[in-house]
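Text of target_21.cif (mmCIF, C-alpha atoms and all ligand atoms) as supplied:
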```cif
data_upload
#
loop_
_atom_site.label_atom_id
_atom_site.label_comp_id
_atom_site.auth_asym_id
_atom_site.auth_seq_id
_atom_site.Cartn_x
_atom_site.Cartn_y
_atom_site.Cartn_z
CA MET A 1053 -3.97 -30.85 -10.43
CA ARG A 1054 -3.84 -30.57 -14.22
CA ASN A 1055 -0.20 -29.41 -14.34
CA ASP A 1056 3.02 -29.82 -12.43
CA LEU A 1057 4.19 -26.20 -12.64
CA ASN A 1058 4.97 -24.27 -9.48
CA LEU A 1059 3.58 -20.80 -8.77
CA GLN A 1060 6.70 -19.02 -10.02
CA GLN A 1061 6.63 -21.00 -13.27
CA LEU A 1062 2.94 -20.21 -13.71
CA ALA A 1063 3.62 -16.52 -13.14
CA GLU A 1064 6.34 -16.59 -15.81
CA ALA A 1065 4.06 -18.52 -18.20
CA SER A 1066 1.31 -15.95 -17.57
CA ILE A 1067 3.58 -13.03 -18.43
CA ARG A 1068 4.72 -14.81 -21.60
CA LEU A 1069 1.15 -15.56 -22.67
CA ILE A 1070 0.05 -12.00 -22.09
CA THR A 1071 3.06 -10.63 -23.97
CA TRP A 1072 2.55 -12.92 -26.94
CA ASN A 1073 -1.09 -11.94 -27.19
CA GLN A 1074 -0.61 -8.20 -27.16
CA HIS A 1075 -1.14 -6.59 -30.54
CA GLU A 1076 1.67 -4.32 -31.72
CA ARG A 1077 -0.64 -1.33 -31.26
CA GLY A 1078 -1.23 -2.22 -27.60
CA ALA A 1079 -4.50 -4.16 -27.37
CA TYR A 1080 -4.57 -7.39 -25.40
CA THR A 1081 -6.56 -10.16 -27.10
CA ALA A 1082 -9.09 -11.33 -24.51
CA SER A 1083 -8.56 -14.95 -25.60
CA PRO A 1084 -6.53 -15.81 -28.70
CA LEU A 1085 -8.05 -19.25 -29.28
CA PHE A 1086 -11.72 -18.43 -28.71
CA PRO A 1087 -13.15 -16.76 -31.82
CA HIS A 1088 -15.73 -14.65 -29.95
CA TYR A 1089 -13.03 -13.11 -27.78
CA GLY A 1090 -10.62 -11.99 -30.49
CA PHE A 1091 -11.01 -8.33 -29.52
CA GLY A 1092 -9.48 -5.91 -27.05
CA TRP A 1093 -11.77 -5.12 -24.11
CA LEU A 1094 -11.20 -2.08 -21.90
CA ARG A 1095 -12.22 -4.04 -18.80
CA ASP A 1096 -10.06 -7.12 -19.35
CA GLY A 1097 -7.24 -5.01 -20.76
CA SER A 1098 -7.00 -2.62 -17.83
CA PHE A 1099 -6.72 -5.45 -15.32
CA ILE A 1100 -4.24 -7.24 -17.57
CA ALA A 1101 -2.16 -4.06 -17.82
CA TYR A 1102 -2.31 -3.69 -14.03
CA SER A 1103 -0.99 -7.24 -13.63
CA MET A 1104 1.80 -6.47 -16.10
CA ASP A 1105 2.69 -3.34 -14.12
CA LEU A 1106 2.87 -5.41 -10.93
CA SER A 1107 5.11 -7.85 -12.83
CA GLY A 1108 7.48 -5.04 -13.83
CA GLN A 1109 6.30 -5.13 -17.48
CA HIS A 1110 5.59 -1.40 -17.66
CA GLU A 1111 6.20 -1.09 -21.38
CA SER A 1112 3.40 -3.55 -22.13
CA ALA A 1113 1.03 -1.68 -19.81
CA ARG A 1114 1.99 1.68 -21.36
CA LEU A 1115 1.21 0.37 -24.86
CA PHE A 1116 -2.24 -0.73 -23.72
CA TYR A 1117 -3.10 2.57 -22.05
CA GLU A 1118 -1.93 4.46 -25.14
CA TRP A 1119 -4.02 2.20 -27.40
CA VAL A 1120 -7.16 3.16 -25.47
CA SER A 1121 -6.11 6.79 -25.30
CA ARG A 1122 -5.86 7.02 -29.11
CA ILE A 1123 -9.30 5.48 -29.49
CA VAL A 1124 -10.80 7.95 -27.03
CA ASP A 1125 -9.05 10.90 -28.70
CA ARG A 1126 -10.70 9.89 -31.94
CA LYS A 1127 -14.06 9.75 -30.15
CA ARG A 1128 -13.84 13.15 -28.42
CA PRO A 1129 -16.25 14.91 -30.83
CA HIS A 1130 -18.67 12.01 -30.47
CA ILE A 1131 -18.46 12.16 -26.66
CA ASP A 1132 -19.20 15.90 -26.81
CA ASP A 1133 -22.17 15.17 -29.03
CA LEU A 1134 -23.53 12.57 -26.59
CA ILE A 1135 -23.17 14.98 -23.67
CA ASN A 1136 -24.88 17.78 -25.66
CA ARG A 1137 -27.77 15.47 -26.50
CA LYS A 1138 -28.18 14.67 -22.84
CA GLN A 1139 -28.08 18.34 -21.88
CA ARG A 1140 -30.77 19.10 -24.46
CA GLY A 1141 -32.90 16.34 -22.94
CA ASP A 1142 -32.74 14.15 -26.08
CA TYR A 1143 -33.01 10.40 -25.81
CA VAL A 1144 -29.65 8.81 -26.61
CA GLU A 1145 -29.99 5.46 -28.32
CA ARG A 1146 -27.90 2.74 -26.79
CA HIS A 1147 -25.92 1.87 -29.88
CA LEU A 1148 -24.53 5.42 -29.87
CA PHE A 1149 -22.64 5.03 -26.58
CA LEU A 1150 -18.95 4.19 -26.54
CA HIS A 1151 -18.24 0.53 -27.08
CA THR A 1152 -16.87 -1.90 -24.57
CA ARG A 1153 -14.39 -3.57 -26.92
CA TYR A 1154 -12.53 -2.68 -30.11
CA GLN A 1155 -10.75 -4.53 -32.86
CA LEU A 1156 -7.13 -5.19 -31.99
CA ASP A 1157 -5.88 -2.45 -34.29
CA GLY A 1158 -8.26 0.03 -32.65
CA ARG A 1159 -11.06 0.04 -35.23
CA ASP A 1160 -14.66 -0.07 -34.07
CA ASP A 1161 -16.42 -3.41 -33.79
CA ASP A 1162 -19.51 -2.41 -35.73
CA HIS A 1163 -20.44 -5.74 -37.19
CA SER A 1164 -21.18 -7.96 -34.23
CA GLU A 1165 -24.21 -8.26 -32.01
CA TRP A 1166 -22.74 -7.40 -28.66
CA GLY A 1167 -23.96 -5.52 -25.61
CA HIS A 1168 -21.76 -2.58 -26.41
CA PHE A 1169 -22.96 -0.03 -23.85
CA GLN A 1170 -20.95 -0.86 -20.72
CA LEU A 1171 -19.51 1.87 -18.55
CA ASP A 1172 -17.31 -0.13 -16.20
CA GLY A 1173 -14.36 -0.53 -18.57
CA TYR A 1174 -13.95 3.23 -18.90
CA GLY A 1175 -13.79 3.72 -15.12
CA THR A 1176 -11.40 0.80 -14.84
CA TRP A 1177 -9.19 2.28 -17.55
CA LEU A 1178 -8.90 5.58 -15.63
CA TRP A 1179 -8.09 3.68 -12.43
CA GLY A 1180 -5.54 1.43 -14.14
CA LEU A 1181 -3.88 4.30 -15.97
CA CYS A 1182 -3.39 6.24 -12.73
CA ALA A 1183 -1.94 3.12 -11.07
CA HIS A 1184 0.41 2.72 -14.06
CA LEU A 1185 1.50 6.35 -13.89
CA ARG A 1186 2.18 6.15 -10.17
CA LEU A 1187 4.13 2.91 -10.55
CA THR A 1188 6.26 4.45 -13.29
CA GLY A 1189 7.13 7.53 -11.27
CA HIS A 1190 4.71 10.13 -12.63
CA ALA A 1191 3.42 12.74 -10.22
CA PHE A 1192 0.75 14.00 -12.61
CA ILE A 1193 -1.04 12.99 -15.81
CA PRO A 1194 1.28 13.48 -18.81
CA GLU A 1195 0.21 15.58 -21.78
CA PHE A 1196 -0.24 12.50 -23.99
CA PHE A 1197 -3.18 11.31 -21.86
CA ARG A 1198 -4.66 14.70 -21.00
CA LYS A 1199 -7.35 14.83 -23.68
CA SER A 1200 -8.49 11.22 -23.29
CA VAL A 1201 -8.57 11.33 -19.49
CA ASP A 1202 -10.68 14.50 -19.58
CA ALA A 1203 -12.98 12.98 -22.21
CA VAL A 1204 -13.57 9.79 -20.23
CA ALA A 1205 -14.07 11.72 -16.99
CA ASP A 1206 -16.66 13.95 -18.74
CA TYR A 1207 -18.39 10.90 -20.23
CA LEU A 1208 -18.63 9.09 -16.90
CA GLN A 1209 -19.83 12.17 -15.06
CA ALA A 1210 -22.61 12.60 -17.62
CA PHE A 1211 -23.81 8.99 -17.81
CA TRP A 1212 -22.82 7.20 -14.61
CA GLU A 1213 -26.44 6.78 -13.53
CA TYR A 1214 -27.69 5.30 -16.82
CA THR A 1215 -28.71 1.67 -17.03
CA ASN A 1216 -26.16 -0.28 -19.09
CA PHE A 1217 -24.84 -3.80 -19.52
CA ASP A 1218 -22.95 -5.16 -16.51
CA CYS A 1219 -19.40 -6.46 -16.54
CA TRP A 1220 -20.71 -9.83 -17.77
CA GLU A 1221 -22.43 -8.03 -20.66
CA GLU A 1222 -25.91 -8.87 -19.35
CA TYR A 1223 -28.87 -7.19 -17.58
CA SER A 1224 -28.86 -3.99 -19.60
CA ASP A 1225 -31.94 -2.50 -17.91
CA PHE A 1226 -30.31 -2.32 -14.51
CA VAL A 1227 -27.76 -0.24 -12.65
CA HIS A 1228 -24.91 -2.36 -11.33
CA PRO A 1229 -23.04 -1.65 -8.10
CA SER A 1230 -19.83 -3.15 -9.50
CA THR A 1231 -20.03 -0.81 -12.49
CA LEU A 1232 -20.55 2.13 -10.13
CA ALA A 1233 -17.50 0.95 -8.18
CA SER A 1234 -15.38 1.11 -11.36
CA ILE A 1235 -16.62 4.62 -12.08
CA TYR A 1236 -15.95 5.67 -8.50
CA GLY A 1237 -12.45 4.14 -8.61
CA GLY A 1238 -11.59 5.80 -11.91
CA LEU A 1239 -12.81 9.28 -11.02
CA LYS A 1240 -11.27 9.13 -7.55
CA ALA A 1241 -7.89 8.11 -9.00
CA VAL A 1242 -7.98 11.05 -11.44
CA ALA A 1243 -9.06 13.44 -8.68
CA GLU A 1244 -6.14 12.35 -6.52
CA MET A 1245 -3.51 12.25 -9.25
CA ASP A 1246 -4.56 15.41 -10.98
CA GLY A 1247 -5.72 17.50 -8.05
CA ARG A 1248 -9.18 17.60 -9.61
CA ASP A 1249 -11.14 18.09 -6.41
CA GLU A 1250 -14.31 18.87 -8.35
CA LEU A 1251 -14.61 15.13 -9.08
CA LEU A 1252 -14.75 14.19 -5.40
CA PRO A 1253 -18.37 15.19 -4.68
CA LEU A 1254 -19.59 12.77 -7.39
CA CYS A 1255 -17.46 10.01 -5.88
CA GLU A 1256 -19.04 10.67 -2.50
CA HIS A 1257 -22.46 10.81 -4.11
CA ILE A 1258 -21.92 7.38 -5.75
CA ARG A 1259 -20.91 5.96 -2.38
CA GLU A 1260 -24.04 7.33 -0.73
CA PHE A 1261 -26.15 6.21 -3.69
CA LEU A 1262 -24.94 2.64 -3.20
CA LEU A 1263 -25.78 2.70 0.50
CA ARG A 1264 -29.19 4.26 -0.13
CA HIS A 1265 -30.34 2.15 -3.09
CA ALA A 1266 -28.28 -1.02 -3.42
CA VAL A 1267 -28.42 -2.58 0.04
CA HIS A 1268 -30.68 -5.62 0.23
CA PRO A 1269 -32.97 -5.79 3.33
CA ASP A 1270 -30.71 -8.62 4.55
CA GLY A 1271 -27.78 -6.21 4.75
CA TYR A 1272 -25.58 -6.96 1.71
CA PHE A 1273 -25.08 -5.19 -1.61
CA ALA A 1274 -27.33 -6.67 -4.28
CA LYS A 1275 -26.07 -7.62 -7.72
CA ALA A 1276 -28.30 -5.13 -9.55
CA ILE A 1277 -30.88 -2.42 -8.95
CA ARG A 1278 -33.69 -1.35 -11.22
CA PRO A 1279 -34.84 2.25 -11.75
CA LEU A 1280 -38.55 2.96 -11.69
CA TYR A 1281 -40.09 6.22 -12.82
CA PRO A 1282 -43.28 6.94 -10.81
CA GLU A 1283 -44.74 10.35 -11.67
CA GLY A 1284 -41.56 11.54 -13.32
CA ARG A 1285 -39.42 10.79 -10.26
CA VAL A 1286 -36.75 8.13 -10.24
CA GLU A 1287 -36.77 5.45 -7.57
CA TYR A 1288 -34.81 2.23 -7.31
CA GLU A 1289 -35.73 -1.28 -6.28
CA ILE A 1290 -33.55 -4.34 -5.84
CA GLY A 1291 -33.44 -5.90 -9.30
CA TYR A 1292 -31.79 -9.18 -8.43
CA ASP A 1293 -32.12 -10.70 -5.00
CA GLY A 1294 -28.67 -12.18 -4.51
CA VAL A 1295 -25.02 -11.24 -4.84
CA ASP A 1296 -22.60 -11.33 -7.74
CA ALA A 1297 -18.91 -12.02 -7.26
CA SER A 1298 -18.07 -8.80 -9.10
CA LEU A 1299 -19.30 -6.98 -5.97
CA LEU A 1300 -15.83 -7.77 -4.61
CA TRP A 1301 -14.69 -4.79 -6.73
CA LEU A 1302 -16.38 -2.45 -4.23
CA CYS A 1303 -13.57 -3.47 -1.90
CA GLU A 1304 -10.63 -4.29 -4.19
CA PRO A 1305 -9.41 -2.52 -6.14
CA PHE A 1306 -11.81 0.41 -6.16
CA GLN A 1307 -12.07 0.77 -2.38
CA VAL A 1308 -15.51 2.31 -2.24
CA PHE A 1309 -15.83 0.44 1.06
CA GLY A 1310 -13.25 -1.15 3.30
CA ALA A 1311 -13.41 -4.91 3.86
CA ASP A 1312 -14.61 -4.23 7.41
CA HIS A 1313 -17.52 -1.96 6.43
CA PRO A 1314 -20.59 -3.88 7.71
CA VAL A 1315 -22.38 -3.99 4.35
CA MET A 1316 -19.17 -4.92 2.51
CA ALA A 1317 -18.36 -7.60 5.07
CA ALA A 1318 -21.89 -9.03 4.75
CA THR A 1319 -21.52 -9.01 0.95
CA ILE A 1320 -18.23 -10.91 1.08
CA ASP A 1321 -19.78 -13.46 3.48
CA ARG A 1322 -22.70 -13.91 1.16
CA ILE A 1323 -20.43 -14.37 -1.87
CA VAL A 1324 -18.58 -17.12 -0.02
CA ALA A 1325 -21.81 -18.74 1.16
CA ASP A 1326 -23.64 -18.63 -2.17
CA LEU A 1327 -20.94 -18.67 -4.82
CA GLN A 1328 -17.97 -20.64 -3.52
CA THR A 1329 -18.27 -24.29 -4.46
CA SER A 1330 -17.06 -27.23 -2.42
CA GLN A 1331 -14.09 -27.38 -4.83
CA GLY A 1332 -13.00 -23.88 -3.79
CA GLY A 1333 -13.77 -21.93 -6.96
CA ILE A 1334 -16.10 -18.93 -7.15
CA ARG A 1335 -19.06 -18.68 -9.52
CA ARG A 1336 -20.40 -15.40 -10.93
CA TYR A 1337 -23.94 -15.49 -9.53
CA VAL A 1338 -26.71 -17.95 -8.79
CA GLY A 1339 -28.67 -18.68 -11.94
CA ASP A 1340 -25.76 -17.98 -14.32
CA THR A 1341 -26.38 -19.91 -17.50
CA TYR A 1342 -23.21 -19.07 -19.49
CA TYR A 1343 -21.56 -22.49 -19.89
CA GLY A 1344 -23.81 -23.64 -17.07
CA GLY A 1345 -22.34 -21.14 -14.59
CA GLY A 1346 -18.97 -22.71 -13.76
CA GLU A 1347 -16.25 -21.54 -11.39
CA TRP A 1348 -14.31 -18.55 -12.72
CA LEU A 1349 -10.56 -18.42 -12.15
CA LEU A 1350 -10.39 -14.65 -12.16
CA LEU A 1351 -13.14 -14.35 -9.54
CA THR A 1352 -11.50 -16.93 -7.32
CA ALA A 1353 -8.28 -14.92 -7.47
CA TRP A 1354 -10.35 -11.82 -6.73
CA TYR A 1355 -11.77 -13.41 -3.65
CA GLY A 1356 -8.19 -14.14 -2.56
CA TRP A 1357 -7.31 -10.47 -3.07
CA VAL A 1358 -10.22 -9.39 -0.89
CA ALA A 1359 -9.55 -12.13 1.69
CA LEU A 1360 -6.07 -10.68 2.03
CA ALA A 1361 -7.61 -7.26 2.70
CA GLN A 1362 -9.60 -8.97 5.45
CA GLY A 1363 -6.38 -10.36 6.91
CA LYS A 1364 -7.29 -13.92 5.84
CA ARG A 1365 -3.98 -14.98 4.36
CA VAL A 1366 -4.72 -18.70 4.44
CA GLU A 1367 -7.89 -18.23 2.36
CA ALA A 1368 -5.94 -16.05 -0.08
CA GLU A 1369 -3.25 -18.72 -0.46
CA GLN A 1370 -5.91 -21.40 -0.95
CA ALA A 1371 -7.54 -19.30 -3.65
CA LEU A 1372 -4.20 -18.89 -5.45
CA ALA A 1373 -3.50 -22.62 -5.19
CA TRP A 1374 -6.92 -23.45 -6.61
CA VAL A 1375 -6.44 -21.11 -9.58
CA ALA A 1376 -2.97 -22.54 -10.19
CA SER A 1377 -4.34 -26.08 -10.15
CA GLN A 1378 -6.74 -25.24 -13.02
CA ALA A 1379 -3.96 -24.42 -15.50
CA ASP A 1380 -3.14 -27.05 -18.10
CA GLN A 1381 0.26 -28.64 -18.74
CA LEU A 1382 1.38 -25.59 -20.75
CA GLY A 1383 0.26 -23.25 -17.97
CA ARG A 1384 -2.83 -22.02 -19.83
CA MET A 1385 -5.71 -20.83 -17.68
CA PRO A 1386 -9.33 -20.96 -18.85
CA GLU A 1387 -12.10 -18.51 -18.13
CA GLN A 1388 -14.12 -21.03 -16.16
CA VAL A 1389 -14.17 -24.71 -15.25
CA PRO A 1390 -17.23 -26.97 -15.09
CA HIS A 1391 -16.29 -28.98 -11.99
CA ALA A 1392 -19.29 -28.16 -9.83
CA LEU A 1393 -22.19 -27.55 -12.19
CA ASP A 1394 -25.79 -27.89 -11.08
CA ASN A 1395 -26.87 -28.63 -14.61
CA ARG A 1396 -24.41 -30.15 -17.07
CA ASP A 1397 -26.90 -29.97 -19.98
CA ILE A 1398 -26.58 -26.22 -20.31
CA TYR A 1399 -22.81 -26.55 -20.36
CA GLU A 1400 -22.99 -29.13 -23.15
CA GLN A 1401 -25.30 -26.86 -25.16
CA TRP A 1402 -22.74 -24.07 -25.01
CA VAL A 1403 -19.95 -26.46 -25.99
CA ASP A 1404 -21.99 -27.57 -29.00
CA ARG A 1405 -22.52 -23.94 -29.94
CA TRP A 1406 -19.16 -22.26 -29.26
CA GLY A 1407 -16.73 -25.05 -28.29
CA PRO A 1408 -15.18 -25.39 -24.80
CA PRO A 1409 -14.85 -22.28 -22.55
CA ALA A 1410 -12.23 -19.76 -23.61
CA SER A 1411 -8.65 -20.76 -22.83
CA PRO A 1412 -6.24 -19.21 -22.32
CA LEU A 1413 -8.15 -16.20 -21.01
CA LEU A 1414 -5.68 -13.38 -20.44
CA TRP A 1415 -7.82 -11.87 -17.69
CA SER A 1416 -7.57 -15.17 -15.72
CA HIS A 1417 -3.79 -14.99 -16.01
CA ALA A 1418 -3.88 -11.36 -14.96
CA MET A 1419 -5.83 -11.99 -11.77
CA PHE A 1420 -3.58 -14.93 -10.95
CA LEU A 1421 -0.61 -12.55 -11.26
CA VAL A 1422 -2.28 -9.86 -9.15
CA LEU A 1423 -2.93 -12.27 -6.30
CA PHE A 1424 0.51 -13.82 -6.70
CA HIS A 1425 2.15 -10.39 -6.32
CA ARG A 1426 -0.18 -9.30 -3.54
CA LEU A 1427 0.75 -12.36 -1.54
CA ASN A 1428 4.45 -11.88 -2.17
CA ALA A 1429 4.78 -8.12 -1.82
CA ARG A 1430 2.10 -6.44 0.16
CA ASN A 1431 3.22 -2.90 -0.54
CA THR A 1432 2.03 -2.76 -4.15
CA PRO A 1433 -0.51 0.02 -4.78
C1 LIG B 1501 -17.35 -11.72 -20.01
C2 LIG B 1501 -16.77 -10.33 -19.94
C3 LIG B 1501 -15.41 -10.30 -20.60
C4 LIG B 1501 -15.42 -10.93 -21.98
C5 LIG B 1501 -14.03 -11.10 -22.55
C6 LIG B 1501 -17.35 -12.19 -21.44
O1 LIG B 1501 -17.89 -13.46 -21.49
O2 LIG B 1501 -18.65 -11.75 -19.49
O3 LIG B 1501 -16.65 -9.95 -18.61
O4 LIG B 1501 -14.98 -8.97 -20.67
O5 LIG B 1501 -16.01 -12.20 -21.90
O6 LIG B 1501 -13.20 -11.80 -21.68
#
```

Would you mind writing the file out in structure tokens?
Amino acid sequence: MRNDLNLQQLAEASIRLITWNQHERGAYTASPLFPHYGFGWLRDGSFIAYSMDLSGQHESARLFYEWVSRIVDRKRPHIDDLINRKQRGDYVERHLFLHTRYQLDGRDDDHSEWGHFQLDGYGTWLWGLCAHLRLTGHAFIPEFFRKSVDAVADYLQAFWEYTNFDCWEEYSDFVHPSTLASIYGGLKAVAEMDGRDELLPLCEHIREFLLRHAVHPDGYFAKAIRPLYPEGRVEYEIGYDGVDASLLWLCEPFQVFGADHPVMAATIDRIVADLQTSQGGIRRYVGDTYYGGGEWLLLTAWYGWVALAQGKRVEAEQALAWVASQADQLGRMPEQVPHALDNRDIYEQWVDRWGPPASPLLWSHAMFLVLFHRLNARNTP
């Protein structure tokens, strides 16, 4: 135990930290004290906003969703251009796709080497926005968000099948089931909120696609699949043999599959078997080299969220307690902790290069809050 704060105090500290690190225009800084993370990510931000909604901080969440909406409004002509290029059969260079993160004031991040083409954040934003609107009493999508929601839905419908960087900003030549889950969750939420039934067949298609192409012979969803193009056709093979903890998203929150679906259940079992350490934390995937592949707080909280969906309350409480025990005396939660590393040398190399792992990481705080609220009030959407 690195702190003597109770869960309630940690929840209050988390809300304060998130609030203090929200830019006046709405972006959440991924990590204020880690120079490489001084941007606003759609992925981190949408889950952070969701946690703020669950904490009753709707104004903060609204500011974030509006920040993204303004960026997307500005990009509408560019999105149309990308879709036209695709329809004409032109090759679209990767750097032209929408970025995964923006400067805090909304400007593009054009000057850094980053794996910018990542689709998951856009699906997650749609999902999070719809959750926000429902939680704040909206029965339909307000005019302010109309243009951006349509633009993102068009973008995802056009490019969902493209290879792109995964949620860890790696493996850009693969298709990632967790990314597909985000797209499914986003489009489904819009279909339901907006009565846009024409989006439902693609959601169903993504679900079938996952079952057809992403199930490992041993019966679980694989971390990544690779497209092959024999004789002009497209086929898929398993691109990475094992699981990735982000596969939990297929269950919560995007609900592509219930926790009791046989392939989902086998995936969760495999995540516990391969990625949970003896300390109780969850790693991203076997072979992760980022800071030596430590235990991630946000993924451990995620496992708790899914364990709750499986009716395993004790495991969910243990996961919350483990996350809480990783906060420092001021309640700050890091991205990952190096307590159970196979190879400490790689960790030290990263520390030499970039300093210790990011802390506080707002997304860690967010997932702590989500699990905290899930355990305390089970009726949240
Ligand atoms: C993670 C991403 C995350 C970003 C900012 C990266 O290291 O792989 O998932 O969005 O940090 O937190």

Any residue with an atom at most 9 Å from ligand LIG 1501 (chain B) counts, using all atoms listed in the file. Which are they? Put them as a PDB file with C-alpha atoms, in the frame of the given file.
```pdb
ATOM      1  CA  THR A1081      -6.560 -10.160 -27.100  1.00  0.00           C
ATOM      2  CA  ALA A1082      -9.090 -11.330 -24.510  1.00  0.00           C
ATOM      3  CA  SER A1083      -8.560 -14.950 -25.600  1.00  0.00           C
ATOM      4  CA  HIS A1088     -15.730 -14.650 -29.950  1.00  0.00           C
ATOM      5  CA  TYR A1089     -13.030 -13.110 -27.780  1.00  0.00           C
ATOM      6  CA  GLY A1090     -10.620 -11.990 -30.490  1.00  0.00           C
ATOM      7  CA  PHE A1091     -11.010  -8.330 -29.520  1.00  0.00           C
ATOM      8  CA  GLY A1092      -9.480  -5.910 -27.050  1.00  0.00           C
ATOM      9  CA  TRP A1093     -11.770  -5.120 -24.110  1.00  0.00           C
ATOM     10  CA  LEU A1094     -11.200  -2.080 -21.900  1.00  0.00           C
ATOM     11  CA  ARG A1095     -12.220  -4.040 -18.800  1.00  0.00           C
ATOM     12  CA  ASP A1096     -10.060  -7.120 -19.350  1.00  0.00           C
ATOM     13  CA  GLY A1097      -7.240  -5.010 -20.760  1.00  0.00           C
ATOM     14  CA  THR A1152     -16.870  -1.900 -24.570  1.00  0.00           C
ATOM     15  CA  ARG A1153     -14.390  -3.570 -26.920  1.00  0.00           C
ATOM     16  CA  GLY A1173     -14.360  -0.530 -18.570  1.00  0.00           C
ATOM     17  CA  ASP A1218     -22.950  -5.160 -16.510  1.00  0.00           C
ATOM     18  CA  CYS A1219     -19.400  -6.460 -16.540  1.00  0.00           C
ATOM     19  CA  TRP A1220     -20.710  -9.830 -17.770  1.00  0.00           C
ATOM     20  CA  GLU A1221     -22.430  -8.030 -20.660  1.00  0.00           C
ATOM     21  CA  GLU A1222     -25.910  -8.870 -19.350  1.00  0.00           C
ATOM     22  CA  TYR A1342     -23.210 -19.070 -19.490  1.00  0.00           C
ATOM     23  CA  GLU A1387     -12.100 -18.510 -18.130  1.00  0.00           C
ATOM     24  CA  ALA A1410     -12.230 -19.760 -23.610  1.00  0.00           C
ATOM     25  CA  LEU A1413      -8.150 -16.200 -21.010  1.00  0.00           C
ATOM     26  CA  LEU A1414      -5.680 -13.380 -20.440  1.00  0.00           C
ATOM     27  CA  TRP A1415      -7.820 -11.870 -17.690  1.00  0.00           C
ATOM     28  CA  SER A1416      -7.570 -15.170 -15.720  1.00  0.00           C
TER      29      SER A1416
END
```

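The closest residue to Pro1314 in chain A, picked from A:Glu1111, A:Val1338, A:Gln1328, A:Leu1263 and counting only C-alpha atoms, is A:Leu1263.
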
Pick from A:Thr1341, A:Tyr1272, A:Arg1322, A:Thr1329, whichever lies nearest to Glu1400 in chain A using only C-alpha atoms: A:Thr1341

Closest-contact table, range 1060-1137 of chain A side, partner range 1174-1188 of chain A, 10 Å, counting only C-alpha atoms, as JSON lines:
```
{"residue": "A:Leu1094", "atom": "CA", "partner": "A:Trp1177", "partner_atom": "CA", "distance": 6.5}
{"residue": "A:Arg1095", "atom": "CA", "partner": "A:Thr1176", "partner_atom": "CA", "distance": 6.3}
{"residue": "A:Asp1096", "atom": "CA", "partner": "A:Thr1176", "partner_atom": "CA", "distance": 9.2}
{"residue": "A:Gly1097", "atom": "CA", "partner": "A:Trp1177", "partner_atom": "CA", "distance": 8.2}
{"residue": "A:Ser1098", "atom": "CA", "partner": "A:Trp1177", "partner_atom": "CA", "distance": 5.4}
{"residue": "A:Phe1099", "atom": "CA", "partner": "A:Gly1180", "partner_atom": "CA", "distance": 7.1}
{"residue": "A:Ile1100", "atom": "CA", "partner": "A:Gly1180", "partner_atom": "CA", "distance": 9.4}
{"residue": "A:Ala1101", "atom": "CA", "partner": "A:Gly1180", "partner_atom": "CA", "distance": 7.4}
{"residue": "A:Tyr1102", "atom": "CA", "partner": "A:Gly1180", "partner_atom": "CA", "distance": 6.1}
{"residue": "A:Ser1103", "atom": "CA", "partner": "A:Gly1180", "partner_atom": "CA", "distance": 9.8}
{"residue": "A:Met1104", "atom": "CA", "partner": "A:His1184", "partner_atom": "CA", "distance": 9.5}
{"residue": "A:Asp1105", "atom": "CA", "partner": "A:His1184", "partner_atom": "CA", "distance": 6.5}
{"residue": "A:Leu1106", "atom": "CA", "partner": "A:Leu1187", "partner_atom": "CA", "distance": 8.4}
{"residue": "A:Gly1108", "atom": "CA", "partner": "A:Leu1187", "partner_atom": "CA", "distance": 9.2}
{"residue": "A:His1110", "atom": "CA", "partner": "A:Thr1188", "partner_atom": "CA", "distance": 7.3}
{"residue": "A:Glu1111", "atom": "CA", "partner": "A:Thr1188", "partner_atom": "CA", "distance": 9.8}
{"residue": "A:Ala1113", "atom": "CA", "partner": "A:His1184", "partner_atom": "CA", "distance": 7.3}
{"residue": "A:Arg1114", "atom": "CA", "partner": "A:His1184", "partner_atom": "CA", "distance": 7.5}
{"residue": "A:Phe1116", "atom": "CA", "partner": "A:Leu1181", "partner_atom": "CA", "distance": 9.4}
{"residue": "A:Tyr1117", "atom": "CA", "partner": "A:Leu1181", "partner_atom": "CA", "distance": 6.4}
{"residue": "A:Glu1118", "atom": "CA", "partner": "A:Leu1181", "partner_atom": "CA", "distance": 9.4}
{"residue": "A:Val1120", "atom": "CA", "partner": "A:Trp1177", "partner_atom": "CA", "distance": 8.2}
{"residue": "A:Ser1121", "atom": "CA", "partner": "A:Trp1177", "partner_atom": "CA", "distance": 9.5}
{"residue": "A:Val1124", "atom": "CA", "partner": "A:Tyr1174", "partner_atom": "CA", "distance": 9.9}
```

Expected answer as a ChimeraX atom specification: all residues with atoms within 12 Å of (-12.0, 13.6, -30.2), all atoms listed in the file: /A:1121-1133,1198-1204

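We find CA of Phe1217 in chain A and CA of Gln1170 in chain A to be spaced 5.0 Å apart.
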